[in-house]
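First the structure, in the form of structure tokens, and then the observations on it.
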2 protein chains.
Amino acid sequence: MVNNSKNVPYYAFGEGSLAGLGTLLAERAKSRGGRCIFFVDHFFQGRSLVRDLPVEEGDTLFFVSTVDEPTTDGINEYYSAITAKYHELPSAIVGIGGGCTLDTAKAVSNLLTNGGKAEDYQGWDLVKVPGVYKVGVPTISGTGAESSRTCVLTNRRKNLKLGMNSEHTIFDQLILDPALPVTVPRNQYFYTGMDTYIHCIESLNGSHRHAVGDSFSREALALSREVFGSADMQNRANVERLMVASYLGGCAIANSYVGVVHPLSAGLSTVLKIHHGLANCLVMNVMEDFYPKETDEFHRYMEDQGVDLPSGVTGNLDDDGFARLYESTIIHEKPLVNALGAEYRAILTRERASEIFRRI
Amino acid sequence: MVNNSKNVPYYAFGEGSLAGLGTLLAERAKSRGGRCIFFVDHFFQGRSLVRDLPVEEGDTLFFVSTVDEPTTDGINEYYSAITAKYHELPSAIVGIGGGCTLDTAKAVSNLLTNGGKAEDYQGWDLVKVPGVYKVGVPTISGTGAESSRTCVLTNRRKNLKLGMNSEHTIFDQLILDPALPVTVPRNQYFYTGMDTYIHCIESLNGSHRHAVGDSFSREALALSREVFGSADMQNRANVERLMVASYLGGCAIANSYVGVVHPLSAGLSTVLKIHHGLANCLVMNVMEDFYPKETDEFHRYMEDQGVDLPSGVTGNLDDDGFARLYESTIIHEKPLVNALGAEYRAILTRERASEIFRRI
């Protein structure tokens with residue numbers, strides 16, 4: 001079926017909804033057998049969230065370090081550890097955290113049923129069969145990882161950052177509990193939240209359009225603007241808004257492509273290991289030529305929310321470094337065609353990209 | 001899991017997407033066995049849409065009369081006919097048409113796996129097991145039947161219009177092909193399209209709120225306003241917009257309740273057999289006390305689009321008729337509490353309802 005979009009089949013929304021996870025997992029384990037594997041952002045180590053989780057005897061809980069973004073090697077290691085410990089498939093995989101943790105849960109789920117290596121599935125529609133049943137619980141909003149059809153992994157050997165873009169990557173169940181993202185540090189909240197704003201403006205400015213995707217983008221953008229244009233982006237109502245925006249933004253990107261920001265941002269992440277949210281903001285900050293109105297808007301939000309960005313990030317790079325930045329940017333053909341047309345290489349030349357990167 | 005919302009798992013959107021139905025059904029039949037049952041709006045009898053449908057030998061195609069809205073008796077008859085003809089469950093049920101046809105497909109699908117009588121499942125969460133795999137193909141936009149968790153049936157013996165409100169009622173696959181609703185007569189297009197506008201303003205004015213539902217409502221409402229506020233509500237772009245609005249509106253009502261309009265409208269449908277879309281508009285036309293701004297807006301849209309409404313609809317009713325209108329309105333507790341609070345009977349009294357009905 002051409003253009004068949006998949007939704008996350010189930011989403012539970014509301015403060016306290018995480019309390020329902022235990023019942024959900026118990027029913028699942030009872031009907032299918034197998035144990036449950038939890039991937040939890042290391043930020044929560046020793047915190048009450050972890051103590052209250054319905055981890056049963058025989059289950060496994062991994063704390064996911066978010067110092068670096070997920071790598072294909074890291075996913076392969078989780079896969080080996082799980083298959084060494086268990087003789088049957090897990091009843092469920094639960095990811096609790098931000099984009100890194102959710103993407104880890106999604107990738108491991110795919111690998112457990114498809115076998116092989118994580119890098120075998122980086123690309124479009126390469127995952128052959130549905131993964132293990134998986135539940136996503138975002139604790140920071142913006143990436144859209146909770147509802148998107150990808151999980152982005154860095155392949156160090158190939159100098160490549162690319163997702164397992166597949167309908168099988170989509171979570172089976174989401175728990176959207178606005179009580180969870182209240183403890184997020186201010187800068188991180190902004191950087192990550194802006195991911196929604198950025199991919200929505202990229203989609204709506206692109207040529208690869210889809211009326212349902214546009215609607216999701218417009219509403220996600222309206223919510224983001226309410227959040228970042230308000231006096232306190234992090235009050236309770238705004239935390240809830242941003243959670244909805246992130247979910248809808250993920251639904252939007254399933255029907256569209258990003259634009260110029262994400263490829264350049266992927267370059268920064270691949271070469272300099274800068275996290276996705278921050279890398280996006282670093283690029284958005286210098287996008288006057290490509291998204292002038294939105295860049296102004298972004299500057300206003302930074303000022304209004306008192307958020308700052310590191311500067312001189314590419315200052316220590318030599319020519320080879322800039323060459324690698326360009327290579328890991330320009331391979332992102334789909335979004336660049338979406339934003340700039342088939343002749344995108346004539347517009348985003350090596351020189352022009354370097355000039356942009358030098359200002360970051 | 002409390003407040004667990006279900007999405008339609010798959011939706012294919014775009015002009016010409018109906019052409020993918022054959023492949024979809026063939027794959028389904030191959031993997032599951034069983035034949036396919038088509039429910040098609042009688043409007044399409046003898047038209048090219050039907051000639052082009054992938055109906056295979058052994059399949060059954062029913063033309064659904066939309067003279068009256070679906071009844072529990074009608075659903076029970078389809079059930080008997082199908083179970084008499086086949087010894088195994090169908091591989092798929094396909095509904096192609098407006099709300100009446102889509103709701104028929106949904107109800108028959110539920111009944112085939114749950115057994116018994118259609119009236120056994122009228123209410124909240126009474127359907128026990130998933131229905132037969134079902135595909136919805138809307139050919140007119142507005143009801144949200146394509147994405148909602150209900151299928152509304154009239155129970156003549158009980159003087160009741162009530163849906164099988166259940167997650168199992170949700171379609172497994174939608175095909176949203178904006179080429180289909182282009183032949184809809186002007187008045188009908190307006191009456192049905194307004195259903196989205198009306199249930200969204202009811203939801204957003206209610207007390208039973210949900211942030212995800214609100215987002216769906218807002219975007220559906222924005223699209224409806226673009227359509228009905230434009231010079232030609234029925235041009236190609238607007239047909240597409242209204243299709244998206246209807247889909248999102250259906251997603252919204254899955255997370256919210258309607259308000260004052262729908263219960264009064266249900267009264268008109270139950271007692272006078274007036275179709276849902278027209279009944280909604282007849283009520284909306286006299287809602288100055290409950291939704292003043294929106295009633296003004298509705299009047300403007302009627303004028304701008306050159307659409308008219310029948311008048312004197314309740315002119316021939318005696319006191320008993322008005323009593324029945326009231327009874328079949330006031331039983332809709334959830335939406336009335338949502339709109340008017342727990343003391344709704346003190347606000348929408350028998351006298352006040354009659355006064356409203358007399359002006360219709």
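Going by the structure tokens order, chains are called A, B, ..., each with residues numbered from 1, while ligands are numbered from 1 in the order shown.
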
Please report as a PDB file with N, CA, C and O atoms, in the first residue's frame which residues of chain A come no farther than 8 Å from chain B, using only C-alpha atoms.
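Result saved to result_20.pdb:
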ATOM      1  N   MET A   1       0.851  -1.192   0.000  1.00  0.00           N
ATOM      2  CA  MET A   1       0.000   0.000   0.000  1.00  0.00           C
ATOM      3  C   MET A   1       0.885   1.240   0.000  1.00  0.00           C
ATOM      4  O   MET A   1       1.656   1.462   0.936  1.00  0.00           O
ATOM      5  N   VAL A   2       0.768   2.053  -1.037  1.00  0.00           N
ATOM      6  CA  VAL A   2       1.595   3.253  -1.168  1.00  0.00           C
ATOM      7  C   VAL A   2       1.193   4.283  -0.102  1.00  0.00           C
ATOM      8  O   VAL A   2       0.016   4.426   0.223  1.00  0.00           O
ATOM      9  N   ASN A   3       2.166   4.985   0.428  1.00  0.00           N
ATOM     10  CA  ASN A   3       1.883   6.067   1.385  1.00  0.00           C
ATOM     11  C   ASN A   3       1.051   5.625   2.571  1.00  0.00           C
ATOM     12  O   ASN A   3       0.188   6.361   3.039  1.00  0.00           O
ATOM     13  N   ASN A   4       1.245   4.407   3.015  1.00  0.00           N
ATOM     14  CA  ASN A   4       0.472   3.951   4.168  1.00  0.00           C
ATOM     15  C   ASN A   4       1.185   4.399   5.437  1.00  0.00           C
ATOM     16  O   ASN A   4       2.292   3.955   5.724  1.00  0.00           O
ATOM     17  N   SER A   5       0.538   5.305   6.181  1.00  0.00           N
ATOM     18  CA  SER A   5       1.141   5.823   7.399  1.00  0.00           C
ATOM     19  C   SER A   5       0.686   5.006   8.587  1.00  0.00           C
ATOM     20  O   SER A   5      -0.470   4.614   8.659  1.00  0.00           O
ATOM     21  N   LYS A   6       1.601   4.778   9.506  1.00  0.00           N
ATOM     22  CA  LYS A   6       1.221   4.047  10.714  1.00  0.00           C
ATOM     23  C   LYS A   6       1.202   4.985  11.911  1.00  0.00           C
ATOM     24  O   LYS A   6       2.118   5.785  12.094  1.00  0.00           O
ATOM     25  N   ASN A   7       0.158   4.911  12.698  1.00  0.00           N
ATOM     26  CA  ASN A   7       0.085   5.615  13.966  1.00  0.00           C
ATOM     27  C   ASN A   7       0.590   4.721  15.091  1.00  0.00           C
ATOM     28  O   ASN A   7       0.495   3.495  15.000  1.00  0.00           O
ATOM     29  N   VAL A   8       1.070   5.330  16.169  1.00  0.00           N
ATOM     30  CA  VAL A   8       1.208   4.567  17.412  1.00  0.00           C
ATOM     31  C   VAL A   8      -0.186   4.063  17.757  1.00  0.00           C
ATOM     32  O   VAL A   8      -1.115   4.866  17.858  1.00  0.00           O
ATOM     33  N   PRO A   9      -0.374   2.759  17.906  1.00  0.00           N
ATOM     34  CA  PRO A   9      -1.747   2.274  18.097  1.00  0.00           C
ATOM     35  C   PRO A   9      -2.424   2.766  19.390  1.00  0.00           C
ATOM     36  O   PRO A   9      -3.598   3.074  19.364  1.00  0.00           O
ATOM     37  N   TYR A  10      -1.659   2.842  20.488  1.00  0.00           N
ATOM     38  CA  TYR A  10      -2.265   3.248  21.766  1.00  0.00           C
ATOM     39  C   TYR A  10      -1.435   4.328  22.445  1.00  0.00           C
ATOM     40  O   TYR A  10      -0.208   4.236  22.478  1.00  0.00           O
ATOM     41  N   TYR A  11      -2.120   5.333  22.992  1.00  0.00           N
ATOM     42  CA  TYR A  11      -1.421   6.320  23.820  1.00  0.00           C
ATOM     43  C   TYR A  11      -2.285   6.662  25.019  1.00  0.00           C
ATOM     44  O   TYR A  11      -3.470   6.927  24.896  1.00  0.00           O
ATOM     45  N   ALA A  12      -1.671   6.578  26.193  1.00  0.00           N
ATOM     46  CA  ALA A  12      -2.357   6.977  27.425  1.00  0.00           C
ATOM     47  C   ALA A  12      -1.798   8.320  27.815  1.00  0.00           C
ATOM     48  O   ALA A  12      -0.584   8.477  27.946  1.00  0.00           O
ATOM     49  N   PHE A  13      -2.668   9.302  27.952  1.00  0.00           N
ATOM     50  CA  PHE A  13      -2.215  10.654  28.253  1.00  0.00           C
ATOM     51  C   PHE A  13      -2.781  11.115  29.583  1.00  0.00           C
ATOM     52  O   PHE A  13      -3.961  10.929  29.859  1.00  0.00           O
ATOM     53  N   GLY A  14      -1.956  11.753  30.400  1.00  0.00           N
ATOM     54  CA  GLY A  14      -2.460  12.390  31.610  1.00  0.00           C
ATOM     55  C   GLY A  14      -1.518  12.205  32.787  1.00  0.00           C
ATOM     56  O   GLY A  14      -0.755  11.239  32.846  1.00  0.00           O
ATOM     57  N   SER A  17      -0.390   8.828  34.598  1.00  0.00           N
ATOM     58  CA  SER A  17      -0.685   7.670  33.745  1.00  0.00           C
ATOM     59  C   SER A  17       0.406   6.602  33.816  1.00  0.00           C
ATOM     60  O   SER A  17       0.152   5.429  33.538  1.00  0.00           O
ATOM     61  N   GLY A  20      -0.179   3.173  35.425  1.00  0.00           N
ATOM     62  CA  GLY A  20      -0.858   2.073  34.735  1.00  0.00           C
ATOM     63  C   GLY A  20       0.088   1.077  34.083  1.00  0.00           C
ATOM     64  O   GLY A  20      -0.339   0.032  33.588  1.00  0.00           O
ATOM     65  N   LEU A  21       1.399   1.387  34.087  1.00  0.00           N
ATOM     66  CA  LEU A  21       2.362   0.533  33.381  1.00  0.00           C
ATOM     67  C   LEU A  21       2.387  -0.892  33.922  1.00  0.00           C
ATOM     68  O   LEU A  21       2.458  -1.861  33.150  1.00  0.00           O
ATOM     69  N   THR A  23       0.087  -2.835  35.371  1.00  0.00           N
ATOM     70  CA  THR A  23      -1.038  -3.656  34.908  1.00  0.00           C
ATOM     71  C   THR A  23      -0.840  -4.062  33.452  1.00  0.00           C
ATOM     72  O   THR A  23      -1.036  -5.220  33.069  1.00  0.00           O
ATOM     73  N   LEU A  24      -0.433  -3.100  32.668  1.00  0.00           N
ATOM     74  CA  LEU A  24      -0.207  -3.337  31.245  1.00  0.00           C
ATOM     75  C   LEU A  24       0.821  -4.444  31.036  1.00  0.00           C
ATOM     76  O   LEU A  24       0.605  -5.388  30.253  1.00  0.00           O
ATOM     77  N   HIS A 210       2.170  16.692   2.571  1.00  0.00           N
ATOM     78  CA  HIS A 210       1.148  15.687   2.819  1.00  0.00           C
ATOM     79  C   HIS A 210       0.145  16.379   3.732  1.00  0.00           C
ATOM     80  O   HIS A 210       0.526  16.917   4.785  1.00  0.00           O
ATOM     81  N   ALA A 211      -1.125  16.403   3.346  1.00  0.00           N
ATOM     82  CA  ALA A 211      -2.090  17.234   4.070  1.00  0.00           C
ATOM     83  C   ALA A 211      -2.250  16.816   5.530  1.00  0.00           C
ATOM     84  O   ALA A 211      -2.446  17.668   6.398  1.00  0.00           O
ATOM     85  N   VAL A 212      -2.167  15.521   5.817  1.00  0.00           N
ATOM     86  CA  VAL A 212      -2.289  15.094   7.217  1.00  0.00           C
ATOM     87  C   VAL A 212      -1.035  15.514   7.986  1.00  0.00           C
ATOM     88  O   VAL A 212      -1.114  16.060   9.097  1.00  0.00           O
ATOM     89  N   SER A 215      -1.098  19.144   8.871  1.00  0.00           N
ATOM     90  CA  SER A 215      -1.963  19.457  10.014  1.00  0.00           C
ATOM     91  C   SER A 215      -1.258  19.163  11.332  1.00  0.00           C
ATOM     92  O   SER A 215      -1.325  19.956  12.271  1.00  0.00           O
ATOM     93  N   ARG A 218       1.359  21.901  11.816  1.00  0.00           N
ATOM     94  CA  ARG A 218       0.804  23.208  12.172  1.00  0.00           C
ATOM     95  C   ARG A 218       0.399  23.269  13.641  1.00  0.00           C
ATOM     96  O   ARG A 218       0.646  24.249  14.332  1.00  0.00           O
ATOM     97  N   GLU A 219      -0.256  22.204  14.101  1.00  0.00           N
ATOM     98  CA  GLU A 219      -0.703  22.212  15.493  1.00  0.00           C
ATOM     99  C   GLU A 219       0.496  22.092  16.433  1.00  0.00           C
ATOM    100  O   GLU A 219       0.554  22.777  17.461  1.00  0.00           O
ATOM    101  N   GLU A 240       2.951  20.311  29.688  1.00  0.00           N
ATOM    102  CA  GLU A 240       1.919  19.471  29.065  1.00  0.00           C
ATOM    103  C   GLU A 240       1.794  19.787  27.572  1.00  0.00           C
ATOM    104  O   GLU A 240       1.752  18.884  26.734  1.00  0.00           O
ATOM    105  N   ARG A 241       1.750  21.086  27.242  1.00  0.00           N
ATOM    106  CA  ARG A 241       1.659  21.493  25.840  1.00  0.00           C
ATOM    107  C   ARG A 241       2.807  20.931  25.008  1.00  0.00           C
ATOM    108  O   ARG A 241       2.624  20.461  23.899  1.00  0.00           O
ATOM    109  N   VAL A 244       2.446  17.315  24.186  1.00  0.00           N
ATOM    110  CA  VAL A 244       1.521  17.092  23.071  1.00  0.00           C
ATOM    111  C   VAL A 244       2.181  17.499  21.747  1.00  0.00           C
ATOM    112  O   VAL A 244       2.093  16.787  20.743  1.00  0.00           O
TER     113      VAL A 244
END

Residue set, segment 155-285 of chain B restricted to strand (DSSP E), as a list in words: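 Residues meeting the strand (DSSP E) criterion: Asn155, Leu160, Lys161, Leu162, Gly163, Met164, Asn165, Gln173, Leu174, Ile175 and Leu176 of chain B.
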
Residues near Phe171 of chain B, cut-off 12 Å, only C-alpha atoms, skip fewer than 6 positions along chain, as an MDAnalysis selection string: (chainID A and resid 9) or (chainID B and resid 6:11 92:95 102:107 109:110 130:138 144:151 247 250:251)

Long-range neighbours of Lys273 of chain B as a PyMOL selection string, 9 Å cut-off, only C-alpha atoms, 4 positions minimum in chain: chain B and resi 68-69+268-269

Residues from the last selection, N, CA and C atoms, saved as a CSV table (one decimal), in the first residue's frame:
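Full text of part38.csv as output:
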chain,number,residue,atom,x,y,z
B,68,ASP,N,-32.6,5.5,5.5
B,68,ASP,CA,-32.6,5.6,6.9
B,68,ASP,C,-31.2,5.3,7.5
B,69,GLU,N,-30.9,5.9,8.6
B,69,GLU,CA,-29.6,5.6,9.3
B,69,GLU,C,-29.6,4.1,9.8
B,268,LEU,N,-33.9,14.5,17.3
B,268,LEU,CA,-34.5,14.7,15.9
B,268,LEU,C,-34.3,13.5,15.1
B,269,SER,N,-33.2,12.8,15.2
B,269,SER,CA,-32.9,11.7,14.3
B,269,SER,C,-33.8,10.5,14.8

Neighbour list for Phe63 of chain A as a list of chain:residue names, cut-off 9 Å, only C-alpha atoms, skip fewer than 5 positions in-chain: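 Residues meeting the cut-off are A:Phe38, A:Phe39, A:Val40, A:Asp41, A:His42, A:Phe43, A:Phe44, A:Gln45, A:Thr101.
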
10 Å contact set for Tyr189 of chain B, only C-alpha atoms, chain neighbours under 2 positions out, as a count of residues only: 20

Atomic distance atom CA of Asp319 of chain A - atom CA of Ser354 of chain A, expressed in Å with one decimal: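 Separation between atom CA of Asp319 of chain A and atom CA of Ser354 of chain A: 9.4 Å.
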
Selection near Asp308 of chain B, 10 Å with only C-alpha atoms, sequence-local residues under 3 positions removed, as a ChimeraX atom specification: /B:187,190-191,281,302-303,305,311

Expected answer as a PyMOL selection string: alpha helix (DSSP H) residues in segment 63-273 of chain B: chain B and resi 72-85+99-114+186-204+211-228+236-253+261-272

What would the file look like if the residues just selected were written as a CSV table (one decimal), in the first residue's frame with C-alpha atoms?
chain,number,residue,atom,x,y,z
B,72,THR,CA,-29.8,-2.6,15.1
B,73,ASP,CA,-32.2,-4.8,13.2
B,74,GLY,CA,-30.5,-4.0,9.9
B,75,ILE,CA,-27.1,-5.0,11.4
B,76,ASN,CA,-28.6,-8.2,12.7
B,77,GLU,CA,-29.9,-9.0,9.2
B,78,TYR,CA,-26.4,-8.5,7.6
B,79,TYR,CA,-25.0,-10.7,10.3
B,80,SER,CA,-27.5,-13.5,9.6
B,81,ALA,CA,-26.9,-13.2,5.8
B,82,ILE,CA,-23.1,-13.5,6.2
B,83,THR,CA,-23.1,-16.3,8.7
B,84,ALA,CA,-25.6,-18.2,6.6
B,85,LYS,CA,-23.4,-17.9,3.5
B,99,GLY,CA,-21.2,7.7,8.1
B,100,CYS,CA,-24.1,5.3,7.6
B,101,THR,CA,-22.0,2.9,5.5
B,102,LEU,CA,-18.8,3.1,7.6
B,103,ASP,CA,-20.9,2.6,10.8
B,104,THR,CA,-22.6,-0.4,9.2
B,105,ALA,CA,-19.2,-2.0,8.4
B,106,LYS,CA,-17.9,-1.3,11.9
B,107,ALA,CA,-21.0,-2.8,13.6
B,108,VAL,CA,-21.1,-5.9,11.4
B,109,SER,CA,-17.4,-6.5,12.0
B,110,ASN,CA,-17.9,-6.4,15.8
B,111,LEU,CA,-20.9,-8.7,15.6
B,112,LEU,CA,-19.2,-11.3,13.5
B,113,THR,CA,-16.7,-12.1,16.2
B,114,ASN,CA,-18.7,-11.3,19.3
B,186,ARG,CA,-23.8,20.7,-2.2
B,187,ASN,CA,-26.2,20.7,0.7
B,188,GLN,CA,-25.2,17.3,1.8
B,189,TYR,CA,-21.5,18.2,1.6
B,190,PHE,CA,-22.3,21.2,4.0
B,191,TYR,CA,-24.5,19.3,6.4
B,192,THR,CA,-22.1,16.4,6.8
B,193,GLY,CA,-19.0,18.6,6.8
B,194,MET,CA,-20.4,20.8,9.6
B,195,ASP,CA,-20.5,17.7,11.8
B,196,THR,CA,-16.7,18.1,12.3
B,197,TYR,CA,-17.1,21.9,13.1
B,198,ILE,CA,-19.9,21.2,15.5
B,199,HIS,CA,-18.4,18.3,17.5
B,200,CYS,CA,-15.1,20.3,17.7
B,201,ILE,CA,-16.8,23.4,19.1
B,202,GLU,CA,-18.7,21.2,21.5
B,203,SER,CA,-15.6,19.5,22.7
B,204,LEU,CA,-13.6,22.7,23.2
B,211,ALA,CA,-4.8,18.1,25.8
B,212,VAL,CA,-4.3,15.7,22.9
B,213,GLY,CA,-8.0,15.8,22.1
B,214,ASP,CA,-8.0,19.6,22.2
B,215,SER,CA,-5.1,19.7,19.7
B,216,PHE,CA,-7.0,17.5,17.3
B,217,SER,CA,-10.1,19.6,17.8
B,218,ARG,CA,-8.3,22.9,17.2
B,219,GLU,CA,-6.7,21.8,14.0
B,220,ALA,CA,-9.9,20.2,12.7
B,221,LEU,CA,-11.7,23.4,13.5
B,222,ALA,CA,-9.1,25.5,11.8
B,223,LEU,CA,-9.4,23.4,8.6
B,224,SER,CA,-13.2,23.5,8.8
B,225,ARG,CA,-13.1,27.3,9.0
B,226,GLU,CA,-10.8,27.5,6.0
B,227,VAL,CA,-13.2,25.3,4.0
B,228,PHE,CA,-16.5,27.0,5.0
B,236,ARG,CA,-10.3,20.4,-4.8
B,237,ALA,CA,-8.1,21.9,-2.0
B,238,ASN,CA,-11.1,22.2,0.3
B,239,VAL,CA,-12.3,18.7,-0.3
B,240,GLU,CA,-8.9,17.5,0.7
B,241,ARG,CA,-8.9,19.9,3.8
B,242,LEU,CA,-12.3,18.7,4.9
B,243,MET,CA,-11.2,15.1,4.6
B,244,VAL,CA,-8.3,15.8,6.9
B,245,ALA,CA,-10.5,17.8,9.3
B,246,SER,CA,-13.0,14.9,9.5
B,247,TYR,CA,-10.2,12.4,10.2
B,248,LEU,CA,-8.7,14.6,13.0
B,249,GLY,CA,-12.2,15.4,14.3
B,250,GLY,CA,-12.8,11.7,14.7
B,251,CYS,CA,-9.5,11.4,16.6
B,252,ALA,CA,-10.7,14.3,18.8
B,253,ILE,CA,-14.0,12.8,19.8
B,261,VAL,CA,-26.0,20.0,19.9
B,262,HIS,CA,-25.6,16.3,19.5
B,263,PRO,CA,-28.1,15.2,22.1
B,264,LEU,CA,-30.8,17.5,20.6
B,265,SER,CA,-29.8,16.3,17.2
B,266,ALA,CA,-30.1,12.7,18.3
B,267,GLY,CA,-33.6,13.5,19.4
B,268,LEU,CA,-34.5,14.7,15.9
B,269,SER,CA,-32.9,11.7,14.3
B,270,THR,CA,-34.6,9.2,16.6
B,271,VAL,CA,-38.1,10.7,16.5
B,272,LEU,CA,-38.2,12.2,13.0
